[in-house]
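Reviewing the structure listed below.
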Amino acid sequence: MALTTRGGGGAGGGDPSKAPSASDPSLGFLTKRDTEVKLPRATRVKNKTPAPIQITAEQILREARERQEPEIRPPKQKITDTHELSEYRLRKRKEFEDVIRRVRWSVSAWVKYARWEEQQRDFARARSVYERALDVAHRDHTLWLKYAEFEMRNRFVNHARNVWDRAVSLLPRVDQLWYKYIHMEELLGAVANARQVFERWMAWRPDTAGWNSYIKFELRYGEVERARAIYERFVAEHPRPDTFIRYAKFEMKRGEVERARRVYERAADLLADDEDAEVLFVAFAEFEERCREVERARAIYKYALDRVPKGRAEELYRKFLAFEKQFGDREGIEDAIVGKRRFQYEDEVRKNPLNYDSWFDYIRLEESVGNKNRIREVYERAIANVPPAEEKRYWQRYIYLWINYALYEELDAQDIERTRDVYKECLRLIPHKKFTFAKIWLMAAQFEIRQRNLKAARQFLGNAIGMAPKGKIFKKYIEIELYLGNFDRCRTLYEKYIEWSPANCYAWRKYAELEKNLSETDRARSIYELAIAQPALDTPEVLWKEYLQFEIDESEFGRARDLYERLLDRTKHLKVWISYAEFEASAGLGSEDSESEEKKNEVGYQEQQMERVSKCRAIFERAFDYFRTSAPELKEERAMLLEEWLNKEVSFGDLGDVSLVQKKAPRKVKRKRPIPTEDGSTIAYEEYIDYIFPDEVAQAPNLKILEAAYKWKKQKTGDDDE
C-alpha cells in the first residue's frame with residue numbers, strides 16, 4: 001500500500017525544501033503540528049499577597065478523590081455452550097494474531113499466546129505457537145526456557161528432551177539451559193542421561209561453576225573416582241590456584257593426605273610465578289601445618305617469600321609471622337621481616353631522599369625494634385636532607401623530623417643533653433630572616449621549664465622575640481611570666497608586643513586588662529587612650545566597647561559620656577547612637593549605694609529618673625536629626641532607630657512619651673526597582689521595602705497625592721466592609 005503525504009497534491013505539490021520539516025516518517029500520517037503539545041502561556045502574577053483563605057494540599061487531594069469518577073470495569077462474560085466457546089476462542093485467537101502481526105519481534109506476545117492455548121488444553125496449538133516464535137527469535141534463551149517448561153509442565157518428556165537438545169545445540173554458552181536440562185534428567189532419575197549431558201557441556205569448556213556442578217553431581221551419587229577424574233580434567237582446563245586448592249581440599253576431605261600433597265606440589269611447580277601464587281602458598285603451608293609438618297610449612301613459607309614479589313606478599317608475611325609466633329623462634333623471624341622491610345625503605349629513600357613520609361615510616365619501623373643506635377642513625381640521615389628552597393611550605397613537613405627527634409631523645413632515650421642539642425641545632429638551621437616556626441621556640445622553652453631551667457627558657461623566648469617575633473610567642477611568654485607573678489616583665493613584654501604590632505587590638509586589650517586586674521586604673525586608662533589614638537586597628541569596635549565598659553564599671557559617667565562624644569566624632573553608626581542612649585538611660589542605676597541614697601529621698605530619685613529620661617531622649621533626637629538631615633538615604637537605619645526609641649519610651653513607663661515617637665514613625669511601602677544586567681539593559685524588577693516619613697510627605701507634593709489616595713482607598717474599603 002502506497003502512502004501519500006498530506007497537503008501535497010501528488011508528486012509535484014508542495015515545497016520540497018519544507019517537506020522534511022512538515023512530516024516525520026516515525027509519525028505515519030500525522031505531522032509534527034498535529035502531535036505538538038501547546039502549553040498555555042505563563043501569566044505574570046501581579047498580586048502576590050496571600051489569599052485570605054488558604055487551601056492545603058490535603059484538602060486538594062481530598063476534593064480530587066471525591067470528584068473522581070468510578071472505575072469502569074468490563075462485564076463478566078459467562079460461556080454456556082460449545083458454540084459460544086468456539087466463538088470466544090476464535091475471537092481471542094484473532095486478537096493474539098493481530099498483536100503478533102503488529103509486534104512480531106515481541107517474545108512476551110508469543111509467550112502470552114502460547115500460555116492461553118495451554119490454558120485451553122490445546123497443546124498442539126501451543127506447541128505450534130512456540131515453534132513459530134522460535135522462527136522469529138531463536139537466539140532468545142528465555143523463549144527456549146518457556147517452551148521446555150511448557151513441555152515439562154504437561155509431562156511431555158520426550159518433547160522436552162527434544163527442546164533441550166535443540167536449545168543447547170544452538171546456545172551452548174548459556175549455562176542456564178544446561179542446568180535446567182540436567183535438573184530435568186535428575187528429576188526423572190535418568191542419571192546416565194544427566195552424565196551424558198554433562199559430558200556434552202564439558203566439551204564446550206565452560207567456566208569453573210560448570211565443572212563444580214559436575215563434581216557435585218558425581219559426589220551426590222557416591223562416584224568418588226569419577227569425581228577425581230573430573231578434578232584432573234578441571235585443573236588441566238583451568239590451571240589456577242583456586243582450582244588446585246579445591247582439588248586438594250577434596251582429597252583431604254577423603255583422608256588422602258599424600259594425594260593432596262602431590263596436588264599442592266604440582267600447583268607450586270606450575271604456578272610459582274602466577275599473580276595469585278600467594279594464596280596457593282598460604283594454603284599449602286596451612287595444609288602442612290594441619291598435618292603437623294612444621295618444618296615443611298616453614299620451608300614453604302621461605303620458598304614463597306623468595307619467589308613472590310614484595311608488593312603482593314603482605315598476607316604471606318602476616319601468615320608467616322603468625323606461624324613463627326606459634327611454632328618457631330619469634331625473634332629470628334621478626335628480625336628477618338624487619339630486615340626485608342628495612343630493605344624496602346632503604347630503596348625508597350635512596351630513590352627520593354626528600355620524601356619525608358618514607359623517612360617517617362622508616363623511623364617508625366626502627367622505633368618498633370628499639371635499637372637506639374639505629375634509631376639515632378636514621379634520624380641523623382633524615383634531618384641531613386634539608387629542603388633545597390628557603391620557602392616555608394617546603395619546610396613544614398621537614399620540621400617534624402626535628403620535633404620527633406627531640407621528643408624521642410627526651411621521652412624514650414631520656415638523654416637531656418642530646419635533646420637540648422637537637423633543639424639548638426634545629427633553631428640554628430632555620431632561616432629566621434625569611435620565616436620561622438613558633439612551635440619549635442615554644443617547645444624548646446617548655447622543655448627547659450620541665451628541666452627547671454627558667455633562665456634557659458627565658459633565653460629561648462627572648463631570642464625568639466628578638467629574631468623572629470610572632471603573636472604565639474608573645475602570648476606564651478606573657479602567660480609564663482604572669483603565672484610566675486612577674487608583672488613588671490609582663491608590662492615589658494606587652495610594650496614590646498605593641499611596639500611590634502601596634503594595630504593588634506588583642507595586645508592593647510590584654511595589657512589594659514592586666515593593669516585593671518592590678519587596680520592600676522590610671523595606667524589602664526592611659527593604655528586605652530594610647531590604643532584608640534592609633535591610626536589603624538584591626539578590631540577598633542571591640543577596643544572602644546571595652547574602654548567604655550571600663551569607665552562605666554569605674555562609675556566615671558562623665559568620662560564615658562565624653563568617650564561617646566569622641567566616638568561619634570569618628571563614626572555615626574546606628575549602634576553607637578543606640579548604645580549611647582542606653583548608657584544615658586541606665587547611668588548610675590548599677591550602683592547599690594546610689595540606689596539606696598535615692599530611695600531615701602523619693603523626690604530626688606524622681607528628679608534623677610526624669611533627668612535620665614530627658615538625656616536619653618535628647619540622644620535619640622540628635623540621632624534622628626542626623627539621619628534625617630545628614631544621611632537621608634539611610635531610611636532603614638532611621639526606622640530601626642525609631643523602633644528602639646519607641647521601645648525605650650515604653651520601658652520608661654509613666655515618664656515615657658510614646659506619642660512623640662509615633663508622630664515620626666514611617667509607613668512601609670512596597671516598591672519595585674530595575675535589576676541592571678551586564679549589558680546595561682533591565683529585564684527584571686525586584687521588590688523592596690521603602691519607608692515614607694511624615695516630613696517627606698509634607699515636603700513632596702507627589703507624596704501628598706499618594707497619601708490622599710491611600711486614605712481614600714482605606715476609607716472605601718471600610719465602606720465596602722460595612
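Labels used: A, B, ... for chains in the order of the C-alpha cells, numbers from 1 for residues in each chain, and numbers from 1 for ligands as shown.
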
Who sits within 10 Å of A:Ile498, only C-alpha atoms, same chain under 5 positions skipped, as number ranges by chain: A: 492-493, 503-508, 511, 531

With C-alpha atoms retained, write the just-selected residues as a PDB file, in the first residue's frame.
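The file below, out27.pdb, is the result:
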```
ATOM      1  CA  THR A 492      57.762  44.980  79.328  1.00  0.00           C
ATOM      2  CA  LEU A 493      56.584  42.136  77.106  1.00  0.00           C
ATOM      3  CA  ALA A 503      47.391  47.634  65.221  1.00  0.00           C
ATOM      4  CA  ASN A 504      46.758  44.497  67.275  1.00  0.00           C
ATOM      5  CA  CYS A 505      43.751  45.243  69.495  1.00  0.00           C
ATOM      6  CA  TYR A 506      44.232  41.961  71.359  1.00  0.00           C
ATOM      7  CA  ALA A 507      47.570  43.172  72.770  1.00  0.00           C
ATOM      8  CA  TRP A 508      46.136  46.535  73.832  1.00  0.00           C
ATOM      9  CA  TYR A 511      47.601  44.971  78.532  1.00  0.00           C
ATOM     10  CA  ALA A 531      45.166  52.423  71.825  1.00  0.00           C
TER      11      ALA A 531
END
```

Counting only C-alpha atoms, what is within 8 Å of A:Tyr301, bar same-chain residues fewer than 3 positions away, as a ChimeraX atom specification? /A:281-282,285,297-298,304-305,316,320

List the neighbours of stretch 515-528 of chain A out to 10 Å using only C-alpha atoms; skip same-chain residues closer than 5 positions along the sequence, and give me the result as an NGL selection string. :A and (487 or 491 or 508-510 or 533 or 543-544 or 546-548 or 550-551 or 554)

Can I get the selected residues back with all heavy atoms, as a CSV table (one decimal), in the first residue's frame?
```
chain,number,residue,atom,x,y,z
A,487,PHE,N,55.0,40.7,87.2
A,487,PHE,CA,54.2,41.7,86.5
A,487,PHE,C,55.0,42.7,85.7
A,487,PHE,O,54.6,43.2,84.7
A,487,PHE,CB,53.2,42.4,87.4
A,487,PHE,CG,52.3,41.4,88.2
A,487,PHE,CD1,52.4,41.3,89.6
A,487,PHE,CD2,51.5,40.5,87.5
A,487,PHE,CE1,51.6,40.4,90.2
A,487,PHE,CE2,50.7,39.6,88.1
A,487,PHE,CZ,50.7,39.5,89.5
A,491,ARG,N,54.6,43.7,81.8
A,491,ARG,CA,54.5,45.0,81.2
A,491,ARG,C,55.5,45.2,80.1
A,491,ARG,O,55.2,45.8,79.0
A,491,ARG,CB,54.6,46.1,82.3
A,491,ARG,CG,53.5,46.2,83.3
A,491,ARG,CD,53.6,47.4,84.1
A,491,ARG,NE,52.5,47.5,85.1
A,491,ARG,CZ,52.6,47.2,86.4
A,491,ARG,NH1,53.7,46.8,86.9
A,491,ARG,NH2,51.5,47.4,87.1
A,508,TRP,N,46.6,45.4,73.0
A,508,TRP,CA,46.1,46.5,73.8
A,508,TRP,C,45.1,46.1,74.9
A,508,TRP,O,45.2,46.6,76.1
A,508,TRP,CB,45.5,47.6,72.9
A,508,TRP,CG,46.5,48.3,72.0
A,508,TRP,CD1,46.7,48.1,70.7
A,508,TRP,CD2,47.4,49.3,72.4
A,508,TRP,NE1,47.6,48.9,70.2
A,508,TRP,CE2,48.1,49.7,71.2
A,508,TRP,CE3,47.7,50.0,73.5
A,508,TRP,CZ2,49.1,50.7,71.2
A,508,TRP,CZ3,48.7,51.0,73.5
A,508,TRP,CH2,49.3,51.3,72.4
A,509,ARG,N,44.1,45.3,74.5
A,509,ARG,CA,43.1,45.0,75.5
A,509,ARG,C,43.7,44.1,76.6
A,509,ARG,O,43.3,44.3,77.8
A,509,ARG,CB,42.0,44.2,74.8
A,509,ARG,CG,41.2,45.0,73.8
A,509,ARG,CD,40.0,44.3,73.3
A,509,ARG,NE,40.3,43.2,72.4
A,509,ARG,CZ,40.1,41.9,72.8
A,509,ARG,NH1,39.6,41.6,74.0
A,509,ARG,NH2,40.5,40.9,71.9
A,510,LYS,N,44.5,43.2,76.3
A,510,LYS,CA,45.1,42.3,77.4
A,510,LYS,C,46.0,43.2,78.3
A,510,LYS,O,46.1,42.9,79.5
A,510,LYS,CB,45.9,41.2,76.7
A,510,LYS,CG,45.0,40.1,76.1
A,510,LYS,CD,44.1,39.5,77.2
A,510,LYS,CE,43.2,38.4,76.6
A,510,LYS,NZ,42.3,37.8,77.6
A,533,ALA,N,44.1,56.1,70.0
A,533,ALA,CA,44.8,57.1,69.2
A,533,ALA,C,45.6,56.5,68.1
A,533,ALA,O,46.1,57.3,67.3
A,533,ALA,CB,45.7,57.9,70.2
A,543,LEU,N,37.7,47.4,71.0
A,543,LEU,CA,38.5,48.2,71.9
A,543,LEU,C,37.7,49.3,72.5
A,543,LEU,O,37.7,49.6,73.7
A,543,LEU,CB,39.7,48.7,71.1
A,543,LEU,CG,40.8,49.5,71.9
A,543,LEU,CD1,41.4,48.5,72.9
A,543,LEU,CD2,41.8,50.1,71.0
A,544,TRP,N,36.9,50.0,71.7
A,544,TRP,CA,36.1,51.1,72.2
A,544,TRP,C,35.1,50.6,73.2
A,544,TRP,O,34.8,51.2,74.2
A,544,TRP,CB,35.4,51.8,71.0
A,544,TRP,CG,36.2,52.8,70.3
A,544,TRP,CD1,37.0,52.6,69.2
A,544,TRP,CD2,36.4,54.2,70.7
A,544,TRP,NE1,37.7,53.8,68.9
A,544,TRP,CE2,37.3,54.8,69.7
A,544,TRP,CE3,35.9,55.0,71.7
A,544,TRP,CZ2,37.7,56.1,69.8
A,544,TRP,CZ3,36.3,56.3,71.7
A,544,TRP,CH2,37.1,56.9,70.8
A,546,GLU,N,35.3,47.9,75.1
A,546,GLU,CA,35.9,47.6,76.4
A,546,GLU,C,36.3,48.9,77.2
A,546,GLU,O,36.2,48.9,78.4
A,546,GLU,CB,37.1,46.7,76.2
A,546,GLU,CG,36.8,45.3,75.8
A,546,GLU,CD,37.9,44.3,76.1
A,546,GLU,OE1,38.9,44.8,76.6
A,546,GLU,OE2,37.8,43.2,75.7
A,547,TYR,N,36.7,49.9,76.5
A,547,TYR,CA,37.1,51.2,77.1
A,547,TYR,C,35.9,51.8,77.8
A,547,TYR,O,35.9,52.3,78.9
A,547,TYR,CB,37.7,52.1,76.1
A,547,TYR,CG,38.4,53.3,76.7
A,547,TYR,CD1,38.6,53.5,78.1
A,547,TYR,CD2,38.8,54.4,75.9
A,547,TYR,CE1,39.2,54.6,78.6
A,547,TYR,CE2,39.4,55.5,76.4
A,547,TYR,CZ,39.6,55.6,77.8
A,547,TYR,OH,40.2,56.8,78.3
A,548,LEU,N,34.8,51.8,77.0
A,548,LEU,CA,33.5,52.4,77.6
A,548,LEU,C,33.1,51.6,78.8
A,548,LEU,O,32.6,52.2,79.8
A,548,LEU,CB,32.5,52.4,76.5
A,548,LEU,CG,32.6,53.4,75.4
A,548,LEU,CD1,31.7,53.2,74.2
A,548,LEU,CD2,32.4,54.8,75.9
A,550,PHE,N,34.9,49.9,80.7
A,550,PHE,CA,35.8,50.1,81.8
A,550,PHE,C,35.4,51.4,82.6
A,550,PHE,O,35.4,51.4,83.8
A,550,PHE,CB,37.2,50.2,81.3
A,550,PHE,CG,38.2,50.9,82.2
A,550,PHE,CD1,38.7,50.1,83.3
A,550,PHE,CD2,38.7,52.2,82.0
A,550,PHE,CE1,39.6,50.7,84.2
A,550,PHE,CE2,39.6,52.7,82.9
A,550,PHE,CZ,40.1,52.0,84.0
A,551,GLU,N,35.1,52.5,81.9
A,551,GLU,CA,34.7,53.7,82.5
A,551,GLU,C,33.4,53.6,83.3
A,551,GLU,O,33.2,54.2,84.4
A,551,GLU,CB,34.6,54.9,81.5
A,551,GLU,CG,35.9,55.2,80.8
A,551,GLU,CD,36.9,55.9,81.8
A,551,GLU,OE1,36.6,56.1,83.0
A,551,GLU,OE2,38.1,56.2,81.3
A,554,GLU,N,33.9,51.8,86.4
A,554,GLU,CA,34.6,52.7,87.4
A,554,GLU,C,33.7,53.8,87.9
A,554,GLU,O,34.1,54.7,88.6
A,554,GLU,CB,35.9,53.3,86.8
A,554,GLU,CG,36.9,52.3,86.5
A,554,GLU,CD,37.5,51.6,87.8
A,554,GLU,OE1,37.5,52.3,88.8
A,554,GLU,OE2,37.9,50.4,87.7
```

Just list the residues in stretch 378-564 of chain A DSSP gives alpha helix (DSSP H) on the backbone, as a PyMOL selection string. chain A and resi 378-383+392-395+399-407+416-429+438-450+454-467+471-484+487-500+505-517+521-532+540-553+557-564

Output file for the selection above: C-alpha atoms, as a compact mmCIF listing (two decimals), in the first residue's frame:
```txt
# COMPACT_ATOMS: atom_id res chain seq x y z
CA VAL A 378 68.16 7.07 60.78
CA TYR A 379 67.16 10.38 62.43
CA GLU A 380 70.53 11.91 61.60
CA ARG A 381 70.32 10.74 58.00
CA ALA A 382 66.77 12.08 57.69
CA ILE A 383 67.46 15.58 59.06
CA LYS A 392 58.09 27.69 54.41
CA ARG A 393 55.83 25.29 52.52
CA TYR A 394 58.82 23.05 51.77
CA TRP A 395 59.90 23.05 55.42
CA ILE A 399 60.48 20.35 60.64
CA TYR A 400 58.51 17.47 62.17
CA LEU A 401 61.57 15.25 61.77
CA TRP A 402 63.37 17.53 64.27
CA ILE A 403 60.33 17.61 66.57
CA ASN A 404 60.05 13.81 66.62
CA TYR A 405 63.81 13.51 67.12
CA ALA A 406 63.74 15.83 70.15
CA LEU A 407 60.72 14.08 71.66
CA ILE A 416 68.54 15.57 78.23
CA GLU A 417 71.76 16.96 76.77
CA ARG A 418 71.11 15.44 73.35
CA THR A 419 67.57 16.84 73.44
CA ARG A 420 68.92 20.34 74.16
CA ASP A 421 71.44 19.97 71.34
CA VAL A 422 68.69 18.88 68.93
CA TYR A 423 66.61 21.98 69.71
CA LYS A 424 69.62 24.31 69.37
CA GLU A 425 70.75 22.77 66.08
CA CYS A 426 67.23 22.98 64.66
CA LEU A 427 66.88 26.65 65.61
CA ARG A 428 70.29 27.38 64.12
CA LEU A 429 69.30 25.72 60.83
CA ALA A 438 56.90 29.38 66.65
CA LYS A 439 56.24 25.75 67.58
CA ILE A 440 59.97 24.99 67.81
CA TRP A 441 60.70 28.03 70.01
CA LEU A 442 57.85 27.20 72.36
CA MET A 443 58.75 23.50 72.57
CA ALA A 444 62.37 24.38 73.39
CA ALA A 445 61.27 26.80 76.15
CA GLN A 446 58.78 24.30 77.59
CA PHE A 447 61.49 21.65 77.59
CA GLU A 448 63.74 23.91 79.68
CA ILE A 449 60.85 24.66 82.04
CA ARG A 450 60.34 20.92 82.55
CA LEU A 454 63.87 29.01 83.84
CA LYS A 455 66.82 31.11 82.72
CA ALA A 456 67.36 29.00 79.59
CA ALA A 457 63.62 29.10 78.83
CA ARG A 458 63.63 32.91 79.05
CA GLN A 459 66.69 32.97 76.83
CA PHE A 460 64.94 30.89 74.16
CA LEU A 461 61.81 33.07 74.23
CA GLY A 462 63.86 36.30 74.30
CA ASN A 463 65.84 35.18 71.27
CA ALA A 464 62.59 34.31 69.51
CA ILE A 465 61.17 37.78 70.13
CA GLY A 466 64.42 39.40 69.04
CA MET A 467 64.99 37.32 65.90
CA GLY A 471 51.98 36.54 68.28
CA LYS A 472 52.05 32.99 69.65
CA ILE A 473 55.47 33.54 71.21
CA PHE A 474 54.40 36.78 72.91
CA LYS A 475 51.24 35.20 74.28
CA LYS A 476 53.03 32.14 75.67
CA TYR A 477 55.88 34.18 77.16
CA ILE A 478 53.43 36.57 78.87
CA GLU A 479 51.41 33.61 80.13
CA ILE A 480 54.53 32.06 81.71
CA GLU A 481 55.59 35.32 83.40
CA LEU A 482 52.05 36.01 84.58
CA TYR A 483 51.88 32.53 86.09
CA LEU A 484 55.16 33.24 87.91
CA PHE A 487 54.15 41.69 86.46
CA ASP A 488 56.98 44.05 85.53
CA ARG A 489 58.22 41.54 82.97
CA CYS A 490 54.64 41.22 81.68
CA ARG A 491 54.47 45.01 81.21
CA THR A 492 57.76 44.98 79.33
CA LEU A 493 56.58 42.14 77.11
CA TYR A 494 53.27 43.87 76.38
CA GLU A 495 55.16 47.01 75.41
CA LYS A 496 57.35 45.03 73.01
CA TYR A 497 54.26 43.24 71.69
CA ILE A 498 52.53 46.58 70.99
CA GLU A 499 55.70 48.04 69.53
CA TRP A 500 55.94 45.10 67.15
CA CYS A 505 43.75 45.24 69.50
CA TYR A 506 44.23 41.96 71.36
CA ALA A 507 47.57 43.17 72.77
CA TRP A 508 46.14 46.53 73.83
CA ARG A 509 43.09 44.96 75.49
CA LYS A 510 45.11 42.35 77.37
CA TYR A 511 47.60 44.97 78.53
CA ALA A 512 44.81 47.18 79.85
CA GLU A 513 43.12 44.15 81.42
CA LEU A 514 46.36 43.34 83.27
CA GLU A 515 46.55 46.86 84.69
CA LYS A 516 42.87 46.78 85.62
CA ASN A 517 43.32 43.49 87.48
CA THR A 521 43.16 52.45 86.96
CA ASP A 522 45.17 55.38 85.65
CA ARG A 523 47.62 53.13 83.83
CA ALA A 524 44.75 51.16 82.27
CA ARG A 525 43.06 54.41 81.16
CA SER A 526 46.30 55.65 79.65
CA ILE A 527 46.72 52.39 77.73
CA TYR A 528 43.17 52.66 76.38
CA GLU A 529 43.84 56.27 75.33
CA LEU A 530 47.01 55.28 73.52
CA ALA A 531 45.17 52.42 71.83
CA ILE A 532 42.29 54.48 70.44
CA PRO A 540 38.57 49.02 66.86
CA GLU A 541 34.92 48.42 67.82
CA VAL A 542 35.93 45.83 70.42
CA LEU A 543 38.53 48.18 71.89
CA TRP A 544 36.09 51.10 72.18
CA LYS A 545 33.48 48.82 73.73
CA GLU A 546 35.89 47.63 76.41
CA TYR A 547 37.11 51.17 77.12
CA LEU A 548 33.54 52.38 77.58
CA GLN A 549 32.69 49.45 79.80
CA PHE A 550 35.82 50.13 81.84
CA GLU A 551 34.73 53.74 82.52
CA ILE A 552 31.19 52.64 83.35
CA ASP A 553 32.48 50.00 85.75
CA PHE A 557 29.97 58.56 83.77
CA GLY A 558 31.32 61.92 82.71
CA ARG A 559 34.36 60.29 81.13
CA ALA A 560 32.14 57.70 79.50
CA ARG A 561 29.92 60.46 78.09
CA ASP A 562 32.98 62.23 76.67
CA LEU A 563 34.13 58.95 75.15
CA TYR A 564 30.79 58.54 73.43
```

Atomic separation - atom CA of A:Asn158 relative to atom CA of A:Asp135, Å: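 So the answer is 21.0 Å.
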
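Here the question is which of A:Glu377, A:Asp690, A:Glu251, A:Glu314 gets nearest to A:Glu636 using only C-alpha atoms, and that residue is A:Asp690.
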
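What separates atom CA of A:Arg261 from atom CA of A:Asp273 is a distance of 19.3 Å.
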
Please indicate the distance in Å from atom CA of A:Glu633 to atom CA of A:Val669, rounded to one decimal place. 15.5 Å

Skip stretch 343-348 of chain A itself and residues of its chain fewer than 6 positions away, then list as a ChimeraX atom specification all residues within 8 Å of it, counting only C-alpha atoms. /A:358-359,361-362

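Using only C-alpha atoms, the nearest neighbour of A:Arg246 within the list A:Lys470, A:Arg307, A:Arg628, A:Arg228 is A:Arg228.
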
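Across A:His238, A:Lys575, A:Lys635, A:Arg91, the tightest approach to A:Phe620 is made by A:Lys575 when counting only C-alpha atoms.
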